[in-house]
Amino acid sequence: MTRYIIRRLITLIPTLLGVVFVIFMFQRLIPGDPAVAMLGEHAAQENVERIREQLGLNRPVFLDIDALREGDFAGFFDSQFILYLGRLLQGDLGNSIHRRIPVAETLALRFPATIELAMLSMFIAVLVGVPVGIASAARRNSVLDSVSMIGSLVGVSMPIFWLGLMEIMLFAVFLQWLPSGGRVSHAIELEAVTNLYIIDSLLAGNMGALVDALKHLFMPVVALATIPMAIIARMTRSSMLDVLQEDYIRTAHAKGALERVVLFKHALKNAFLPVITIIGIQTGSLLAGAVLTETIFSWPGIGKWVYDSILARDYPIVQGGTMLIAFVFIFANLLVDISYGFLDPRIRHE
Amino acid sequence: MADSTPEDFNSIDFAVREHRSLWVDAWRRMISNNTARLGMAIVAIFILSAVFAHYFWEYDPRIDIDYSLKLKPPNLVATEDIASIHPFGTDKLGRDIFRRVVHGGWNSLRVGLVAIAISLSVGGILGLVAGFYDSMPLFKTERIFLLGGIGLALGSLSAWIAGQPLQMIFFAGLGISSAYWDDLLKGKRLRMLLFALLGALVSGMLGFLADPYIGIVCAVLGLLIGWILSLPLGGQTLSTIIMRVMDILLAFPTYLLAIAIVAFLGPGLEKGMIAIGVVGIPIYARLVRSTVLSVIQKEYILAAQATGEGHGRIIFRHIFPNTLSPVIVQTTMGLANAILSAAALGFLGLGAIPPEPEWGSMLGASYRYLASGAWWAVTFPGIAIMLSVLGFNLLGDGLRDALDPKLQI
């Protein structure tokens with residue numbers, strides 16, 4: 001098993017490098033000089049030069065051929081890309097252009113908000129999607145099956161930003177039951193331990209804060225959970241139907257095993273591989289989909305920050321946020337692969 | 001059976017089963033399926049209304065402003081207050097939302113079609129090539145092209161360092177000769193040594209002409225490139241290279257990559273199409289590749305090979321038609337996704353540029369008025385997005401059932 005994990009980790013390296021390269025190239029492709037963007041159009045030439053020096057923008061992009069001509073091998077590799085890689089390894093994602101704060105620190109501060117939203121949504125999606133899929137497969141072509149499959153098709157087709165707006169219209173504008181945005185009301189004071197407000201409020205034993213946080217979470221979670229829930233339900237159903245046709249299921253029935261035992265013990269175990277794949281992929285997508293949900297609900301997570309930075313043309317933040325989300329996405333897929341190894345011994349011995 | 005004639009058998013055969021092609025069969029299965037019919041109807045309504053509106057219902061968004069009709073709720077009969085009929089109400093500039101929703105369909109469908117065309121053409125060809133050469137041995141001419149190309153690509157590095165384009169040509173030539181004399185010292189270490197030394201020597205000498213230090217670096221690079229070119233690279237190398245690049249693209253979550261591309265290209269409907277199209281490339285490449293891999297095991301491919309058909313002919317005559325059904329299904333569902341992504345980009349202000357009517361950007365422009373109770377301004381464009389996406393999804397589901405009756409799930 002360890003060898004399988006190590007092998008998966010090694011195959012990850014080129015992908016990670018590729019992602020870093022693509023994101024690095026984005027910066028090169030933007031028209032205009034980042035140093036000028038930082039200082040404004042009318043900055044003095046010497047200040048621009050100084051900033052360029054500080055950021056390493058005066059270095060060649062990949063390799064310094066002139067340094068090589070002078071026999072300076074260290075200088076040969078002293079380039080923007082290598083510099084960028086080096087900084088990245090130290091966890092330095094550069095500074096925000098407008099606010100001059102380190103991108104990495106703020107990302108770390110805002111990441112829990114996105115994680116809380118995404119994980120809770122995924123939890124709800126699995127909690128509802130998997131049982132619905134199993135029930136539909138077990139009672140194929142029943143009313144329950146038709147209703148849940150039409151419902152899931154509508155769910156897949158739902159623009160989540162529109163669903164969010166409809167929720168705000170219903171619960172916040174007309175009924176006024178729930179707050180329309182933010183993570184927590186201003187009046188609530190909560191000591192930040194994990195920055196996951198549900199856990200923080202439980203740790204502090206502050207029930208008022210917990211209820212308030214859950215009220216704020218409700219609408220964004222519903223919006224974000226809809227699509228994965230629908231996809232998981234469809235995937236579970238089709239995977240279960242596949243497995244239920246197998247001979248060993250008929251054998252289990254013939255031996256007189258209870259329907260419940262056949263479904264959950266015999267069938268579900270084998271039907272779960274594709275479902276896990278979908279859960280992994282969807283977890284990554286959730287983080288990206290959070291850009292839309294967070295924007296609508298003014299949720300102070302990474303997605304909203306990246307979006308605001310796109311509009312403000314603050315590219316280090318866009319790069320840093322994109323990289324973080326891409327890395328989480330890759331990591332989620334890695335976890336899926338590793339869980340394959342646990343669930344199906346054939347895969348790890350391949 | 002003595003008095004039966006061949007005609008009898010023909011008529012019996014005919015009575016049992018009229019000859020129908022795969023497509024006719026699939027069509028019959030599809031029109032007998034309720035959900036597929038519903039999907040077709042929705043898609044047809046959207047396409048027809050968008051096309052008719054575009055050609056026969058003139059609309060100029062640039063001059064469509066009437067502040068006296070600002071944010072009026074839907075009305076179906078003219079009153080004293082509102083003299084004109086607005087079934088979906090009006091938006092913040094007094095524009096008729098019904099009219100803009102109908103015209104917006106043209107833009108949304110256009111984005112979907114162009115984006116899918118980009119992802120399908122690029123991804124499909126890459127997937128075909130990757131899947132085919134993954135399990136087919138290369139012909140000598142193909143190997144010459146592959147190794148020549150690899151030599152050219154790798155050689156460009158040392159050519160760039162030394163500032164000598166000649167180096168690219170040299171490494172391309174080295175690759176070609178490695179492919180041409182592929183049984184020279186086959187499987188021996190000496191072969192690697194020969195090519196590596198040849199690469200190091202020539203590249204190093206050429207580099208030395210420019211500068212001694214550059215000569216050293218070029219020699220090291222030449223050693224490496226020569227070694228790579230001496231390896232018995234086959235179709236799998238090509239397939240691996242293609243799929244690795246696809247993996248990198250797939251590592252970015254869909255929405256995020258589209259948003260990032262548009263963020264760097266700048267907003268606009270055309271750039272949105274490109275972004276959504278690029279994001280879809282790896283999906284089609286993977287799908288086509290895996291379909292090709294399953295088709296290529298079949299006996300008829302072996303038969304085609306045995307009769308000496310060329311690779312191009314095998315790909316386009318025997319493999320391509322057999323990959324069509326999953327691709328058609330995925331394309332229909334992909335259209336739904338592309339419309340959804342385009343609307344998301346528009347909503348974030350990264351898609352169509354106002355005042356161009358587009359469903360997503362209509363939502364983005366009016367959701368701030370929700371608090372003042374203007375529910376109609378966000379409800380109807382959203383319903384249009386959802387219904388059109390649902391229509392394509394239903395159609396895709398029906399197509400899958402019709403084209404692959406074995407699936408039955």
# chains A, B, ... in the order shown; residues from 1 in each chain; ligands from 1
>>> closest_atom_pairs(of="chain A", to="chain B", cutoff="8 Å", atoms="only C-alpha atoms", output="tab-separated table")
residue	atom	partner	partner_atom	distance
A:Thr15	CA	B:Ile248	CA	5.3
A:Leu16	CA	B:Ile248	CA	7.7
A:Gly18	CA	B:Ile248	CA	5.9
A:Val19	CA	B:Ile248	CA	6.0
A:Phe26	CA	B:Phe264	CA	7.1
A:Leu29	CA	B:Phe264	CA	7.6
A:Ile30	CA	B:Phe264	CA	6.1
A:Ile65	CA	B:Ile161	CA	6.2
A:Leu68	CA	B:Tyr213	CA	6.3
A:Arg69	CA	B:Tyr213	CA	5.9
A:Glu70	CA	B:Tyr213	CA	7.7
A:Gly71	CA	B:Tyr213	CA	5.9
A:Leu153	CA	B:Leu390	CA	7.0
A:Val154	CA	B:Leu390	CA	6.2
A:Val156	CA	B:Leu390	CA	7.9
A:Ser157	CA	B:Leu390	CA	5.1
A:Met158	CA	B:Met386	CA	5.5
A:Pro159	CA	B:Leu340	CA	6.3
A:Phe161	CA	B:Ala344	CA	7.4
A:Trp162	CA	B:Gly382	CA	5.8
A:Leu165	CA	B:Tyr367	CA	7.3
A:Met166	CA	B:Thr379	CA	7.5
A:Met169	CA	B:Leu370	CA	6.6
A:Val173	CA	B:Ala371	CA	6.0
A:Ser238	CA	B:Ile409	CA	5.9
A:Leu241	CA	B:Ile409	CA	6.8
A:Asp242	CA	B:Ile409	CA	7.9
A:Gly284	CA	B:Pro253	CA	6.5
A:Ser285	CA	B:Pro253	CA	5.4
A:Ala288	CA	B:Leu256	CA	5.4
A:Gly289	CA	B:Tyr255	CA	6.6
A:Val291	CA	B:Leu256	CA	7.9
A:Leu292	CA	B:Ala344	CA	7.5
A:Ile310	CA	B:Ala263	CA	6.0
A:Val318	CA	B:Ala260	CA	7.7
A:Thr322	CA	B:Leu256	CA	7.2
A:Ile325	CA	B:Phe252	CA	7.8
A:Ala326	CA	B:Phe252	CA	5.1
A:Phe327	CA	B:Ala251	CA	7.9
A:Phe329	CA	B:Ala251	CA	6.7
A:Ile330	CA	B:Ala251	CA	5.9
>>> select_by_dssp(residues="range 70-223 of chain B", states="alpha helix (DSSP H)", output="PyMOL selection string")
chain B and resi 97-135+140-162+166-180+189-210+212-223
>>> residues_around(residues="range 184-199 of chain A", least_positions_apart="3", cutoff="9 Å", atoms="only C-alpha atoms", output="PDB file with N, CA and C atoms, in the first residue's frame")
ATOM      1  N   LEU A 109      -5.926  32.770   5.847  1.00  0.00           N
ATOM      2  CA  LEU A 109      -6.970  33.321   6.704  1.00  0.00           C
ATOM      3  C   LEU A 109      -8.354  33.070   6.124  1.00  0.00           C
ATOM      4  N   ARG A 110      -8.456  33.146   4.795  1.00  0.00           N
ATOM      5  CA  ARG A 110      -9.766  33.041   4.152  1.00  0.00           C
ATOM      6  C   ARG A 110     -10.122  31.603   3.777  1.00  0.00           C
ATOM      7  N   PHE A 111      -9.124  30.746   3.720  1.00  0.00           N
ATOM      8  CA  PHE A 111      -9.373  29.372   3.278  1.00  0.00           C
ATOM      9  C   PHE A 111     -10.395  28.657   4.160  1.00  0.00           C
ATOM     10  N   PRO A 112     -10.307  28.783   5.511  1.00  0.00           N
ATOM     11  CA  PRO A 112     -11.283  28.071   6.353  1.00  0.00           C
ATOM     12  C   PRO A 112     -12.724  28.406   5.991  1.00  0.00           C
ATOM     13  N   ALA A 113     -13.000  29.656   5.610  1.00  0.00           N
ATOM     14  CA  ALA A 113     -14.373  30.022   5.275  1.00  0.00           C
ATOM     15  C   ALA A 113     -14.859  29.194   4.085  1.00  0.00           C
ATOM     16  N   ILE A 115     -13.527  26.327   3.064  1.00  0.00           N
ATOM     17  CA  ILE A 115     -13.546  24.916   3.454  1.00  0.00           C
ATOM     18  C   ILE A 115     -14.828  24.583   4.205  1.00  0.00           C
ATOM     19  N   GLU A 116     -15.194  25.465   5.142  1.00  0.00           N
ATOM     20  CA  GLU A 116     -16.398  25.222   5.937  1.00  0.00           C
ATOM     21  C   GLU A 116     -17.614  25.095   5.020  1.00  0.00           C
ATOM     22  N   PRO A 179     -30.497  35.736   7.031  1.00  0.00           N
ATOM     23  CA  PRO A 179     -29.676  36.854   6.544  1.00  0.00           C
ATOM     24  C   PRO A 179     -29.243  36.591   5.094  1.00  0.00           C
ATOM     25  N   GLY A 181     -26.488  37.499   3.515  1.00  0.00           N
ATOM     26  CA  GLY A 181     -25.074  37.295   3.192  1.00  0.00           C
ATOM     27  C   GLY A 181     -24.190  37.373   4.411  1.00  0.00           C
ATOM     28  N   LEU A 202     -18.713  25.822  18.863  1.00  0.00           N
ATOM     29  CA  LEU A 202     -18.889  24.649  19.724  1.00  0.00           C
ATOM     30  C   LEU A 202     -17.810  24.608  20.796  1.00  0.00           C
ATOM     31  N   LEU A 203     -16.577  24.942  20.393  1.00  0.00           N
ATOM     32  CA  LEU A 203     -15.461  24.949  21.347  1.00  0.00           C
ATOM     33  C   LEU A 203     -15.712  25.964  22.450  1.00  0.00           C
ATOM     34  N   ALA A 204     -16.249  27.125  22.050  1.00  0.00           N
ATOM     35  CA  ALA A 204     -16.488  28.172  23.040  1.00  0.00           C
ATOM     36  C   ALA A 204     -17.783  27.931  23.806  1.00  0.00           C
ATOM     37  N   ASN A 206     -20.671  28.540  22.692  1.00  0.00           N
ATOM     38  CA  ASN A 206     -21.523  29.696  22.426  1.00  0.00           C
ATOM     39  C   ASN A 206     -22.646  29.296  21.466  1.00  0.00           C
ATOM     40  N   GLY A 208     -25.534  30.699  20.816  1.00  0.00           N
ATOM     41  CA  GLY A 208     -26.066  31.796  20.007  1.00  0.00           C
ATOM     42  C   GLY A 208     -25.258  31.967  18.734  1.00  0.00           C
ATOM     43  N   ALA A 209     -23.934  31.891  18.872  1.00  0.00           N
ATOM     44  CA  ALA A 209     -23.058  32.042  17.712  1.00  0.00           C
ATOM     45  C   ALA A 209     -23.245  30.882  16.747  1.00  0.00           C
ATOM     46  N   LEU A 210     -23.433  29.671  17.292  1.00  0.00           N
ATOM     47  CA  LEU A 210     -23.604  28.497  16.444  1.00  0.00           C
ATOM     48  C   LEU A 210     -24.860  28.646  15.585  1.00  0.00           C
ATOM     49  N   VAL A 211     -25.971  29.034  16.253  1.00  0.00           N
ATOM     50  CA  VAL A 211     -27.228  29.194  15.515  1.00  0.00           C
ATOM     51  C   VAL A 211     -27.072  30.271  14.448  1.00  0.00           C
ATOM     52  N   ASP A 212     -26.413  31.363  14.821  1.00  0.00           N
ATOM     53  CA  ASP A 212     -26.223  32.454  13.872  1.00  0.00           C
ATOM     54  C   ASP A 212     -25.375  31.999  12.673  1.00  0.00           C
ATOM     55  N   ALA A 213     -24.304  31.261  12.966  1.00  0.00           N
ATOM     56  CA  ALA A 213     -23.440  30.784  11.886  1.00  0.00           C
ATOM     57  C   ALA A 213     -24.206  29.825  10.978  1.00  0.00           C
ATOM     58  N   LEU A 214     -25.016  28.951  11.585  1.00  0.00           N
ATOM     59  CA  LEU A 214     -25.775  27.995  10.777  1.00  0.00           C
ATOM     60  C   LEU A 214     -26.810  28.709   9.907  1.00  0.00           C
ATOM     61  N   LYS A 215     -27.416  29.776  10.474  1.00  0.00           N
ATOM     62  CA  LYS A 215     -28.374  30.553   9.700  1.00  0.00           C
ATOM     63  C   LYS A 215     -27.701  31.154   8.467  1.00  0.00           C
ATOM     64  N   HIS A 216     -26.483  31.648   8.660  1.00  0.00           N
ATOM     65  CA  HIS A 216     -25.756  32.229   7.529  1.00  0.00           C
ATOM     66  C   HIS A 216     -25.337  31.156   6.532  1.00  0.00           C
ATOM     67  N   LEU A 217     -25.084  29.950   7.058  1.00  0.00           N
ATOM     68  CA  LEU A 217     -24.598  28.877   6.186  1.00  0.00           C
ATOM     69  C   LEU A 217     -25.707  28.278   5.328  1.00  0.00           C
TER      70      LEU A 217
END
>>> residues_around(residues="Asp314 in chain A", least_positions_apart="4", cutoff="10 Å", atoms="only C-alpha atoms", output="NGL selection string")
:A and (34 or 37-38 or 95-99 or 306-310 or 318-319)
>>> residues_around(residues="His54 in chain B", least_positions_apart="6", cutoff="9 Å", atoms="only C-alpha atoms", output="ChimeraX atom specification")
/B:102-103,106
>>> write_last_selection(atoms="N, CA and C atoms", output="mmCIF file, in the first residue's frame")
data_model
loop_
_atom_site.group_PDB
_atom_site.id
_atom_site.type_symbol
_atom_site.label_atom_id
_atom_site.label_comp_id
_atom_site.auth_asym_id
_atom_site.auth_seq_id
_atom_site.Cartn_x
_atom_site.Cartn_y
_atom_site.Cartn_z
ATOM 1 N N VAL B 102 -35.532 36.520 -25.189
ATOM 2 C CA VAL B 102 -35.597 35.827 -26.478
ATOM 3 C C VAL B 102 -34.332 36.098 -27.291
ATOM 4 N N HIS B 103 -33.909 37.361 -27.322
ATOM 5 C CA HIS B 103 -32.695 37.677 -28.082
ATOM 6 C C HIS B 103 -31.446 37.128 -27.410
ATOM 7 N N TRP B 106 -30.027 33.712 -28.564
ATOM 8 C CA TRP B 106 -29.106 33.649 -29.709
ATOM 9 C C TRP B 106 -27.664 33.629 -29.222
#
>>> residues_around(residues="His86 in chain B", least_positions_apart="4", cutoff="8 Å", atoms="only C-alpha atoms", output="compact mmCIF listing (two decimals) with C-alpha atoms, in the first residue's frame")
# COMPACT_ATOMS: atom_id res chain seq x y z
CA PRO B 74 -45.00 41.95 -15.65
CA ASN B 75 -48.34 42.88 -17.23
CA LEU B 76 -50.36 41.09 -19.87
CA THR B 90 -38.93 45.59 -17.48
CA ASP B 96 -38.60 44.72 -22.03
CA ILE B 97 -37.22 41.58 -20.39
CA PHE B 98 -39.18 39.20 -22.61
>>> residues_around(residues="Ala252 in chain A", least_positions_apart="3", cutoff="12 Å", atoms="only C-alpha atoms", output="PyMOL selection string")
chain A and resi 244-249+255-263+265-267
>>> closest_residue(among="A:Leu286, A:Val48, A:Ile281, A:Ile10", to="Ile227 in chain A", atoms="only C-alpha atoms")
A:Leu286
>>> decode(residues="range 160-187 of chain B", atoms="C-alpha atoms", output="PDB file, in the first residue's frame")
ATOM      1  CA  TRP B 160      17.723  28.981 -28.101  1.00  0.00           C
ATOM      2  CA  ILE B 161      20.593  28.924 -25.597  1.00  0.00           C
ATOM      3  CA  ALA B 162      23.235  29.038 -28.311  1.00  0.00           C
ATOM      4  CA  GLY B 163      21.259  31.334 -30.587  1.00  0.00           C
ATOM      5  CA  GLN B 164      21.789  28.867 -33.443  1.00  0.00           C
ATOM      6  CA  PRO B 165      18.677  27.626 -35.287  1.00  0.00           C
ATOM      7  CA  LEU B 166      20.995  25.109 -36.934  1.00  0.00           C
ATOM      8  CA  GLN B 167      20.939  23.050 -33.719  1.00  0.00           C
ATOM      9  CA  MET B 168      17.205  22.409 -34.107  1.00  0.00           C
ATOM     10  CA  ILE B 169      17.780  21.047 -37.596  1.00  0.00           C
ATOM     11  CA  PHE B 170      20.638  18.902 -36.328  1.00  0.00           C
ATOM     12  CA  PHE B 171      18.580  17.310 -33.556  1.00  0.00           C
ATOM     13  CA  ALA B 172      15.636  16.792 -35.886  1.00  0.00           C
ATOM     14  CA  GLY B 173      18.044  15.027 -38.226  1.00  0.00           C
ATOM     15  CA  LEU B 174      19.414  12.966 -35.332  1.00  0.00           C
ATOM     16  CA  GLY B 175      15.870  11.907 -34.445  1.00  0.00           C
ATOM     17  CA  ILE B 176      15.080  11.018 -38.053  1.00  0.00           C
ATOM     18  CA  SER B 177      18.230   8.953 -38.429  1.00  0.00           C
ATOM     19  CA  SER B 178      17.484   7.178 -35.144  1.00  0.00           C
ATOM     20  CA  ALA B 179      14.060   6.265 -36.543  1.00  0.00           C
ATOM     21  CA  TYR B 180      15.461   5.310 -39.944  1.00  0.00           C
ATOM     22  CA  TRP B 181      18.210   3.014 -38.648  1.00  0.00           C
ATOM     23  CA  ASP B 182      16.046   1.683 -35.844  1.00  0.00           C
ATOM     24  CA  ASP B 183      17.634  -1.771 -35.860  1.00  0.00           C
ATOM     25  CA  LEU B 184      21.174  -0.450 -35.721  1.00  0.00           C
ATOM     26  CA  LEU B 185      22.682  -2.017 -32.569  1.00  0.00           C
ATOM     27  CA  LYS B 186      19.134  -2.692 -31.390  1.00  0.00           C
ATOM     28  CA  GLY B 187      18.750  -3.218 -27.647  1.00  0.00           C
TER      29      GLY B 187
END
